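See below for the structure under consideration.
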Amino acid sequence: MKKGFVAITGASSGIGAATAQLFIDKGHNVLLIARREERLASFTGEHVKKAIIDVTDKAALTKAIQEAEATFGPVEAIVNNAGRMLLGDVSVQDEKEWKEMYDVNVLGVLNGMQAVLPSMIERKTGTIVNISSIAGKKTFGDHAAYVGTKFAVHSMSENVREEVAAHNVRVVTIAPGVVETELLSHTTSDVIKNNYTDWKHSIQGGLTPQTVAEAIYFAFSQPQGVNIREIALAPTQQQA
Ligand code: NDP
């Protein structure tokens with residue numbers, strides 16, 4: 001069996017599931033991380049390990065990486081993709097939604113980076129791919145708390161990239177525009193959801209998750225001496 005593996009958080013739907021399938025198709029061992037076990041059921045075989053955990057549980061995430069290393073060998077890459085988008089108007093939005101997004105989108109990414117960095121720094125190789133957003137580069141109405149989490153992903157990624165560059169470890173930021181996934185469905189305001197859906201239709205819909213997965217794989221598959229620092233990609237008709 002090929003040595004090493006790629007860890008993907010949020011592998012149970014959308015961009016994470018498409019990324020998982022692509023890495024499997026390309027012959028990699030994978031560690032698939034999510035909370036909904038049933039949504040990982042279609043991923044099977046000796047190249048697949050699963051961890052049914054929450055990325056906000058740092059100890060569980062670190063243990064899952066260590067257990068996969070015992071099976072497959074060293075972690076080659078982690079795709080920190082798990083995320084929540086609870087759009088809202090800050091003047092009325094329930095603060096529990098802010099906390100949930102910051103816990104998953106920001107602390108979850110920090111947990112993912114710390115779970116792999118000691119091993120990568122020691123071995124002087126490895127790749128961290130953090131999934132941010134165009135909402136990590138600019139603002140959108142009713143996105144304030146979410147935008148904050150994604151600006152954090154951009155800035156943390158760039159900071160860590162500078163810190164680990166001398167160790168030959170790559171940090172890549174992926175910034176998609178709108179993608180056709182379940183992400184919007186967790187937003188609680190129907191008005192905001194309907195506005196978002198109308199806007200998406202006005203630009204002829206979002207990217208497919210597979211398109212984003214291909215961008216992730218493109219960055220990963222470069223020689224270790226090449227770091228594609230950031231890929232921003234969006235539907236052509238998306239203006240903002
Ligand atoms: P989905 O809702 O389809 O996928 C989100 C994934 O994150 C699911 O697999 C979910 O799995 C997982 N997840 C959520 N919370 C946790 C948690 N606490 N612990 C572990 N896993 C968790 O949405 P997308 O595929 O669209 O989202 C993936 C990433 O892409 C997110 O970071 C999102 O912000 C980003 N993004 C998406 C865009 C879009 O338009 N769709 C645009 C730009 C960026 P489970 O519930 O099983 O745990």
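In the structure tokens, the first chain shown is A, the next is B, and so on; residue numbers restart at 1 for each chain, and ligands run from 1 in the order shown.
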Environment of ligand 1 within 8 Å, counting only C-alpha atoms and all ligand atoms, reported as an mmCIF file with N, CA, C and O atoms, in the first residue's frame:
```cif
data_model
loop_
_atom_site.group_PDB
_atom_site.id
_atom_site.type_symbol
_atom_site.label_atom_id
_atom_site.label_comp_id
_atom_site.auth_asym_id
_atom_site.auth_seq_id
_atom_site.Cartn_x
_atom_site.Cartn_y
_atom_site.Cartn_z
ATOM 1 N N THR A 9 -11.374 17.198 6.546
ATOM 2 C CA THR A 9 -12.459 17.446 7.503
ATOM 3 C C THR A 9 -13.707 17.893 6.739
ATOM 4 O O THR A 9 -13.616 18.493 5.664
ATOM 5 N N GLY A 10 -14.871 17.550 7.298
ATOM 6 C CA GLY A 10 -16.118 17.877 6.610
ATOM 7 C C GLY A 10 -16.270 17.076 5.326
ATOM 8 O O GLY A 10 -16.749 17.571 4.314
ATOM 9 N N ALA A 11 -15.885 15.786 5.403
ATOM 10 C CA ALA A 11 -15.892 14.939 4.204
ATOM 11 C C ALA A 11 -17.263 14.348 3.906
ATOM 12 O O ALA A 11 -17.425 13.630 2.925
ATOM 13 N N SER A 12 -18.264 14.657 4.729
ATOM 14 C CA SER A 12 -19.560 13.995 4.579
ATOM 15 C C SER A 12 -20.503 14.672 3.585
ATOM 16 O O SER A 12 -21.558 14.130 3.286
ATOM 17 N N SER A 13 -20.130 15.841 3.074
ATOM 18 C CA SER A 13 -20.987 16.468 2.053
ATOM 19 C C SER A 13 -20.207 17.531 1.294
ATOM 20 O O SER A 13 -19.077 17.866 1.656
ATOM 21 N N GLY A 14 -20.815 18.036 0.230
ATOM 22 C CA GLY A 14 -20.303 19.190 -0.487
ATOM 23 C C GLY A 14 -18.854 19.079 -0.939
ATOM 24 O O GLY A 14 -18.424 18.059 -1.499
ATOM 25 N N ILE A 15 -18.097 20.137 -0.689
ATOM 26 C CA ILE A 15 -16.707 20.230 -1.151
ATOM 27 C C ILE A 15 -15.854 19.116 -0.532
ATOM 28 O O ILE A 15 -15.008 18.519 -1.208
ATOM 29 N N GLY A 16 -16.092 18.822 0.740
ATOM 30 C CA GLY A 16 -15.294 17.794 1.415
ATOM 31 C C GLY A 16 -15.515 16.419 0.809
ATOM 32 O O GLY A 16 -14.555 15.663 0.596
ATOM 33 N N ALA A 17 -16.768 16.083 0.509
ATOM 34 C CA ALA A 17 -17.066 14.769 -0.083
ATOM 35 C C ALA A 17 -16.455 14.670 -1.484
ATOM 36 O O ALA A 17 -15.894 13.632 -1.864
ATOM 37 N N ILE A 33 -13.136 12.860 7.974
ATOM 38 C CA ILE A 33 -13.575 13.351 9.284
ATOM 39 C C ILE A 33 -14.902 14.102 9.132
ATOM 40 O O ILE A 33 -15.030 14.990 8.279
ATOM 41 N N ALA A 34 -15.876 13.725 9.950
ATOM 42 C CA ALA A 34 -17.181 14.410 9.985
ATOM 43 C C ALA A 34 -17.957 13.865 11.174
ATOM 44 O O ALA A 34 -17.535 12.893 11.815
ATOM 45 N N ARG A 35 -19.104 14.475 11.447
ATOM 46 C CA ARG A 35 -19.935 13.988 12.564
ATOM 47 C C ARG A 35 -20.989 13.004 12.100
ATOM 48 O O ARG A 35 -21.432 12.155 12.861
ATOM 49 N N ARG A 36 -21.459 13.093 10.833
ATOM 50 C CA ARG A 36 -22.564 12.235 10.377
ATOM 51 C C ARG A 36 -22.003 10.976 9.724
ATOM 52 O O ARG A 36 -21.661 10.979 8.530
ATOM 53 N N GLU A 37 -21.963 9.901 10.504
ATOM 54 C CA GLU A 37 -21.366 8.654 10.019
ATOM 55 C C GLU A 37 -22.057 8.144 8.758
ATOM 56 O O GLU A 37 -21.414 7.665 7.812
ATOM 57 N N ARG A 39 -23.371 9.600 6.366
ATOM 58 C CA ARG A 39 -23.023 10.326 5.137
ATOM 59 C C ARG A 39 -21.608 9.991 4.646
ATOM 60 O O ARG A 39 -21.178 10.489 3.604
ATOM 61 N N ILE A 52 -15.402 9.713 13.205
ATOM 62 C CA ILE A 52 -16.691 10.384 13.423
ATOM 63 C C ILE A 52 -16.521 11.295 14.636
ATOM 64 O O ILE A 52 -16.782 10.906 15.777
ATOM 65 N N ILE A 53 -16.043 12.470 14.374
ATOM 66 C CA ILE A 53 -15.713 13.408 15.455
ATOM 67 C C ILE A 53 -16.088 14.824 15.039
ATOM 68 O O ILE A 53 -16.364 15.108 13.878
ATOM 69 N N ASP A 54 -16.047 15.685 16.047
ATOM 70 C CA ASP A 54 -16.309 17.110 15.853
ATOM 71 C C ASP A 54 -14.949 17.813 15.801
ATOM 72 O O ASP A 54 -14.104 17.579 16.685
ATOM 73 N N VAL A 55 -14.735 18.671 14.808
ATOM 74 C CA VAL A 55 -13.415 19.319 14.693
ATOM 75 C C VAL A 55 -13.141 20.293 15.835
ATOM 76 O O VAL A 55 -12.009 20.743 15.994
ATOM 77 N N THR A 56 -14.158 20.626 16.615
ATOM 78 C CA THR A 56 -13.912 21.496 17.765
ATOM 79 C C THR A 56 -13.309 20.716 18.933
ATOM 80 O O THR A 56 -12.890 21.315 19.915
ATOM 81 N N ASN A 80 -8.497 21.406 5.745
ATOM 82 C CA ASN A 80 -9.373 21.924 6.804
ATOM 83 C C ASN A 80 -10.576 22.588 6.141
ATOM 84 O O ASN A 80 -10.575 23.780 5.840
ATOM 85 N N ASN A 81 -11.594 21.767 5.913
ATOM 86 C CA ASN A 81 -12.749 22.167 5.102
ATOM 87 C C ASN A 81 -14.034 22.312 5.913
ATOM 88 O O ASN A 81 -14.920 23.076 5.528
ATOM 89 N N ALA A 82 -14.153 21.608 7.042
ATOM 90 C CA ALA A 82 -15.405 21.634 7.821
ATOM 91 C C ALA A 82 -15.783 23.079 8.117
ATOM 92 O O ALA A 82 -14.940 23.881 8.529
ATOM 93 N N GLY A 83 -17.042 23.411 7.903
ATOM 94 C CA GLY A 83 -17.441 24.796 8.147
ATOM 95 C C GLY A 83 -18.944 24.948 8.256
ATOM 96 O O GLY A 83 -19.717 24.080 7.836
ATOM 97 N N ARG A 84 -19.343 26.046 8.857
ATOM 98 C CA ARG A 84 -20.752 26.394 9.033
ATOM 99 C C ARG A 84 -20.957 27.798 8.505
ATOM 100 O O ARG A 84 -20.115 28.678 8.700
ATOM 101 N N MET A 85 -22.078 28.022 7.822
ATOM 102 C CA MET A 85 -22.418 29.372 7.358
ATOM 103 C C MET A 85 -23.820 29.705 7.854
ATOM 104 O O MET A 85 -24.816 29.300 7.262
ATOM 105 N N ASP A 103 -16.290 28.641 16.520
ATOM 106 C CA ASP A 103 -15.751 27.367 17.031
ATOM 107 C C ASP A 103 -15.327 26.454 15.879
ATOM 108 O O ASP A 103 -14.245 25.878 15.896
ATOM 109 N N VAL A 104 -16.201 26.302 14.886
ATOM 110 C CA VAL A 104 -15.918 25.347 13.804
ATOM 111 C C VAL A 104 -14.956 25.963 12.780
ATOM 112 O O VAL A 104 -13.924 25.379 12.444
ATOM 113 N N ASN A 105 -15.297 27.164 12.285
ATOM 114 C CA ASN A 105 -14.561 27.731 11.142
ATOM 115 C C ASN A 105 -13.183 28.251 11.530
ATOM 116 O O ASN A 105 -12.281 28.274 10.681
ATOM 117 N N GLY A 108 -11.666 25.254 14.733
ATOM 118 C CA GLY A 108 -11.541 23.956 14.058
ATOM 119 C C GLY A 108 -10.345 23.924 13.114
ATOM 120 O O GLY A 108 -9.631 22.916 13.022
ATOM 121 N N ILE A 131 -9.747 25.882 3.791
ATOM 122 C CA ILE A 131 -10.828 26.349 2.932
ATOM 123 C C ILE A 131 -11.413 27.621 3.522
ATOM 124 O O ILE A 131 -12.085 27.601 4.564
ATOM 125 N N SER A 132 -11.110 28.725 2.860
ATOM 126 C CA SER A 132 -11.686 30.010 3.237
ATOM 127 C C SER A 132 -12.854 30.281 2.298
ATOM 128 O O SER A 132 -13.696 29.405 2.063
ATOM 129 N N SER A 133 -12.887 31.447 1.690
ATOM 130 C CA SER A 133 -14.028 31.839 0.852
ATOM 131 C C SER A 133 -13.698 33.180 0.200
ATOM 132 O O SER A 133 -12.823 33.906 0.683
ATOM 133 N N ILE A 134 -14.446 33.533 -0.832
ATOM 134 C CA ILE A 134 -14.393 34.930 -1.290
ATOM 135 C C ILE A 134 -14.842 35.823 -0.124
ATOM 136 O O ILE A 134 -14.386 36.960 0.020
ATOM 137 N N ALA A 135 -15.685 35.274 0.749
ATOM 138 C CA ALA A 135 -16.105 35.993 1.960
ATOM 139 C C ALA A 135 -14.972 36.099 2.975
ATOM 140 O O ALA A 135 -15.167 36.642 4.065
ATOM 141 N N LYS A 150 -14.064 33.831 8.045
ATOM 142 C CA LYS A 150 -13.288 33.515 6.838
ATOM 143 C C LYS A 150 -12.116 34.483 6.651
ATOM 144 O O LYS A 150 -11.065 34.073 6.159
ATOM 145 N N ALA A 175 -10.162 29.871 -1.830
ATOM 146 C CA ALA A 175 -11.229 30.866 -1.613
ATOM 147 C C ALA A 175 -12.292 30.733 -2.705
ATOM 148 O O ALA A 175 -12.235 31.417 -3.729
ATOM 149 N N PRO A 176 -13.289 29.861 -2.482
ATOM 150 C CA PRO A 176 -14.352 29.723 -3.481
ATOM 151 C C PRO A 176 -15.407 30.816 -3.341
ATOM 152 O O PRO A 176 -15.698 31.286 -2.235
ATOM 153 N N GLY A 177 -16.005 31.170 -4.465
ATOM 154 C CA GLY A 177 -17.261 31.898 -4.448
ATOM 155 C C GLY A 177 -18.368 30.887 -4.207
ATOM 156 O O GLY A 177 -18.132 29.807 -3.642
ATOM 157 N N VAL A 178 -19.565 31.194 -4.674
ATOM 158 C CA VAL A 178 -20.687 30.308 -4.334
ATOM 159 C C VAL A 178 -20.534 28.932 -4.997
ATOM 160 O O VAL A 178 -20.138 28.819 -6.142
ATOM 161 N N VAL A 179 -20.807 27.892 -4.178
ATOM 162 C CA VAL A 179 -20.696 26.491 -4.607
ATOM 163 C C VAL A 179 -22.017 25.805 -4.275
ATOM 164 O O VAL A 179 -22.635 26.104 -3.238
ATOM 165 N N GLU A 180 -22.443 24.883 -5.130
ATOM 166 C CA GLU A 180 -23.728 24.183 -4.915
ATOM 167 C C GLU A 180 -23.564 23.083 -3.860
ATOM 168 O O GLU A 180 -23.134 21.968 -4.160
ATOM 169 N N THR A 181 -23.859 23.408 -2.602
ATOM 170 C CA THR A 181 -23.746 22.443 -1.497
ATOM 171 C C THR A 181 -24.895 22.678 -0.506
ATOM 172 O O THR A 181 -25.759 23.520 -0.743
ATOM 173 N N GLU A 182 -24.819 21.991 0.621
ATOM 174 C CA GLU A 182 -25.851 22.140 1.668
ATOM 175 C C GLU A 182 -25.605 23.344 2.573
ATOM 176 O O GLU A 182 -26.366 23.570 3.522
ATOM 177 N N LEU A 183 -24.515 24.083 2.315
ATOM 178 C CA LEU A 183 -24.033 25.061 3.297
ATOM 179 C C LEU A 183 -25.098 26.052 3.764
ATOM 180 O O LEU A 183 -25.210 26.351 4.944
ATOM 181 N N LEU A 184 -25.876 26.573 2.797
ATOM 182 C CA LEU A 184 -26.865 27.610 3.132
ATOM 183 C C LEU A 184 -27.988 27.064 4.011
ATOM 184 O O LEU A 184 -28.604 27.811 4.773
ATOM 185 N N SER A 185 -28.238 25.743 3.919
ATOM 186 C CA SER A 185 -29.454 25.189 4.527
ATOM 187 C C SER A 185 -29.492 25.358 6.039
ATOM 188 O O SER A 185 -30.552 25.289 6.658
ATOM 189 N N HIS A 186 -28.342 25.603 6.671
ATOM 190 C CA HIS A 186 -28.313 25.724 8.136
ATOM 191 C C HIS A 186 -28.641 27.135 8.622
ATOM 192 O O HIS A 186 -28.889 27.340 9.807
ATOM 193 N N GLY A 206 -24.097 28.126 -8.660
ATOM 194 C CA GLY A 206 -22.733 28.098 -8.142
ATOM 195 C C GLY A 206 -21.846 27.093 -8.865
ATOM 196 O O GLY A 206 -22.293 26.351 -9.737
ATOM 197 N N LEU A 207 -20.580 27.084 -8.459
ATOM 198 C CA LEU A 207 -19.633 26.079 -8.940
ATOM 199 C C LEU A 207 -20.052 24.709 -8.441
ATOM 200 O O LEU A 207 -20.751 24.596 -7.422
ATOM 201 N N PRO A 209 -19.028 21.262 -6.458
ATOM 202 C CA PRO A 209 -17.996 20.908 -5.469
ATOM 203 C C PRO A 209 -16.780 20.254 -6.131
ATOM 204 O O PRO A 209 -15.654 20.408 -5.667
#
```
Near Gln239 (chain A), within 9 Å and counting only C-alpha atoms, which residues show up once chain neighbours fewer than 3 positions away are dropped, as a list in words?
Ile203, Pro235 and Thr236 of chain A
Can I get the selection written as a PDB file, in the first residue's frame, with N, CA, C and O atoms?
```pdb
ATOM      1  N   ILE A 203     -27.120  34.579 -10.995  1.00  0.00           N
ATOM      2  CA  ILE A 203     -25.779  34.402 -11.583  1.00  0.00           C
ATOM      3  C   ILE A 203     -25.624  32.991 -12.177  1.00  0.00           C
ATOM      4  O   ILE A 203     -24.523  32.482 -12.323  1.00  0.00           O
ATOM      5  N   PRO A 235     -17.981  31.459  -9.791  1.00  0.00           N
ATOM      6  CA  PRO A 235     -18.709  31.459 -11.059  1.00  0.00           C
ATOM      7  C   PRO A 235     -18.403  32.748 -11.837  1.00  0.00           C
ATOM      8  O   PRO A 235     -18.296  33.825 -11.230  1.00  0.00           O
ATOM      9  N   THR A 236     -18.285  32.633 -13.131  1.00  0.00           N
ATOM     10  CA  THR A 236     -17.932  33.792 -13.957  1.00  0.00           C
ATOM     11  C   THR A 236     -18.907  34.941 -13.753  1.00  0.00           C
ATOM     12  O   THR A 236     -18.511  36.109 -13.713  1.00  0.00           O
TER      13      THR A 236
END
```
Between CA of Val48 (chain A) and CA of Gly4 (chain A), distance in Å (one decimal)
11.8 Å
What's the 12 Å shell around Leu86 (chain A), counting only C-alpha atoms, without same-chain residues fewer than 6 positions away, as JSON, numbers by chain?
{"A": [93, 94, 95, 96, 97, 98, 99, 100, 101, 102, 104, 105, 142, 143, 144, 145, 146, 147, 148, 149, 182, 183, 184, 185, 186, 187, 188, 189, 190, 192, 193]}
Can you list, as a VMD selection string, every protein, DNA or RNA residue that comes within 7 Å of Val30 (chain A) when you count only C-alpha atoms, leaving out same-chain residues fewer than 2 positions away?
chain A and resid 5 to 7 24 28 32 47 to 49
Go ahead and dump the residues you just picked, N, CA and C atoms, as a short mmCIF file (atom, residue, chain, number, x, y, z; two decimals), in the first residue's frame.
```
data_model
loop_
_atom_site.label_atom_id
_atom_site.label_comp_id
_atom_site.auth_asym_id
_atom_site.auth_seq_id
_atom_site.Cartn_x
_atom_site.Cartn_y
_atom_site.Cartn_z
N PHE A 5 -1.03 9.60 4.02
CA PHE A 5 -2.47 9.80 3.81
C PHE A 5 -2.80 11.28 3.83
N VAL A 6 -4.01 11.57 3.34
CA VAL A 6 -4.53 12.93 3.32
C VAL A 6 -5.77 12.96 4.22
N ALA A 7 -5.80 13.87 5.17
CA ALA A 7 -6.96 14.02 6.07
C ALA A 7 -7.86 15.11 5.50
N ILE A 24 -9.26 9.78 -3.39
CA ILE A 24 -9.36 8.32 -3.48
C ILE A 24 -9.13 7.90 -4.94
N HIS A 28 -4.84 7.94 -3.33
CA HIS A 28 -4.34 8.28 -2.00
C HIS A 28 -5.09 7.55 -0.90
N LEU A 32 -11.15 10.40 6.61
CA LEU A 32 -12.34 11.23 6.39
C LEU A 32 -12.95 11.57 7.75
N HIS A 47 -8.19 1.85 1.60
CA HIS A 47 -7.53 3.16 1.53
C HIS A 47 -8.26 4.21 2.35
N VAL A 48 -9.36 3.80 2.99
CA VAL A 48 -10.21 4.77 3.67
C VAL A 48 -10.26 4.49 5.17
N LYS A 49 -9.95 5.51 5.96
CA LYS A 49 -10.23 5.46 7.40
C LYS A 49 -11.19 6.60 7.72
#
```
What gap, in Å, lies between CA of Gly141 (chain A) and CA of Ile174 (chain A)?
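Going from CA of Gly141 (chain A) over to CA of Ile174 (chain A), I get 21.6 Å.
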Test item, helix (DSSP H, G or I) assignment across region 39-216 of chain A, answer as JSON, numbers by chain
{"A": [39, 40, 58, 59, 60, 61, 62, 63, 64, 65, 66, 67, 68, 69, 70, 71, 72, 95, 96, 97, 98, 99, 100, 101, 102, 103, 104, 105, 106, 107, 108, 109, 110, 111, 112, 113, 114, 115, 116, 117, 118, 119, 120, 121, 122, 123, 134, 135, 136, 144, 145, 146, 147, 148, 149, 150, 151, 152, 153, 154, 155, 156, 157, 158, 159, 160, 161, 162, 163, 164, 165, 166, 167, 183, 184, 185, 186, 190, 191, 192, 193, 194, 195, 196, 197, 198, 199, 200, 201, 202, 209, 210, 211, 212, 213, 214, 215, 216]}
Name the residues of chain A that fall into strand (DSSP E or B) according to DSSP on the backbone, using the chain letters and numbers of this document, as a PyMOL selection string.
chain A and resi 5-9+30-34+48-52+75-80+127-131+170-176+179+207+230-233
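Closest approach to Thr19 (chain A) among A:Ala213, A:Leu31, A:Ala115, A:Ala70 is made by A:Ala213 (distances from only C-alpha atoms).
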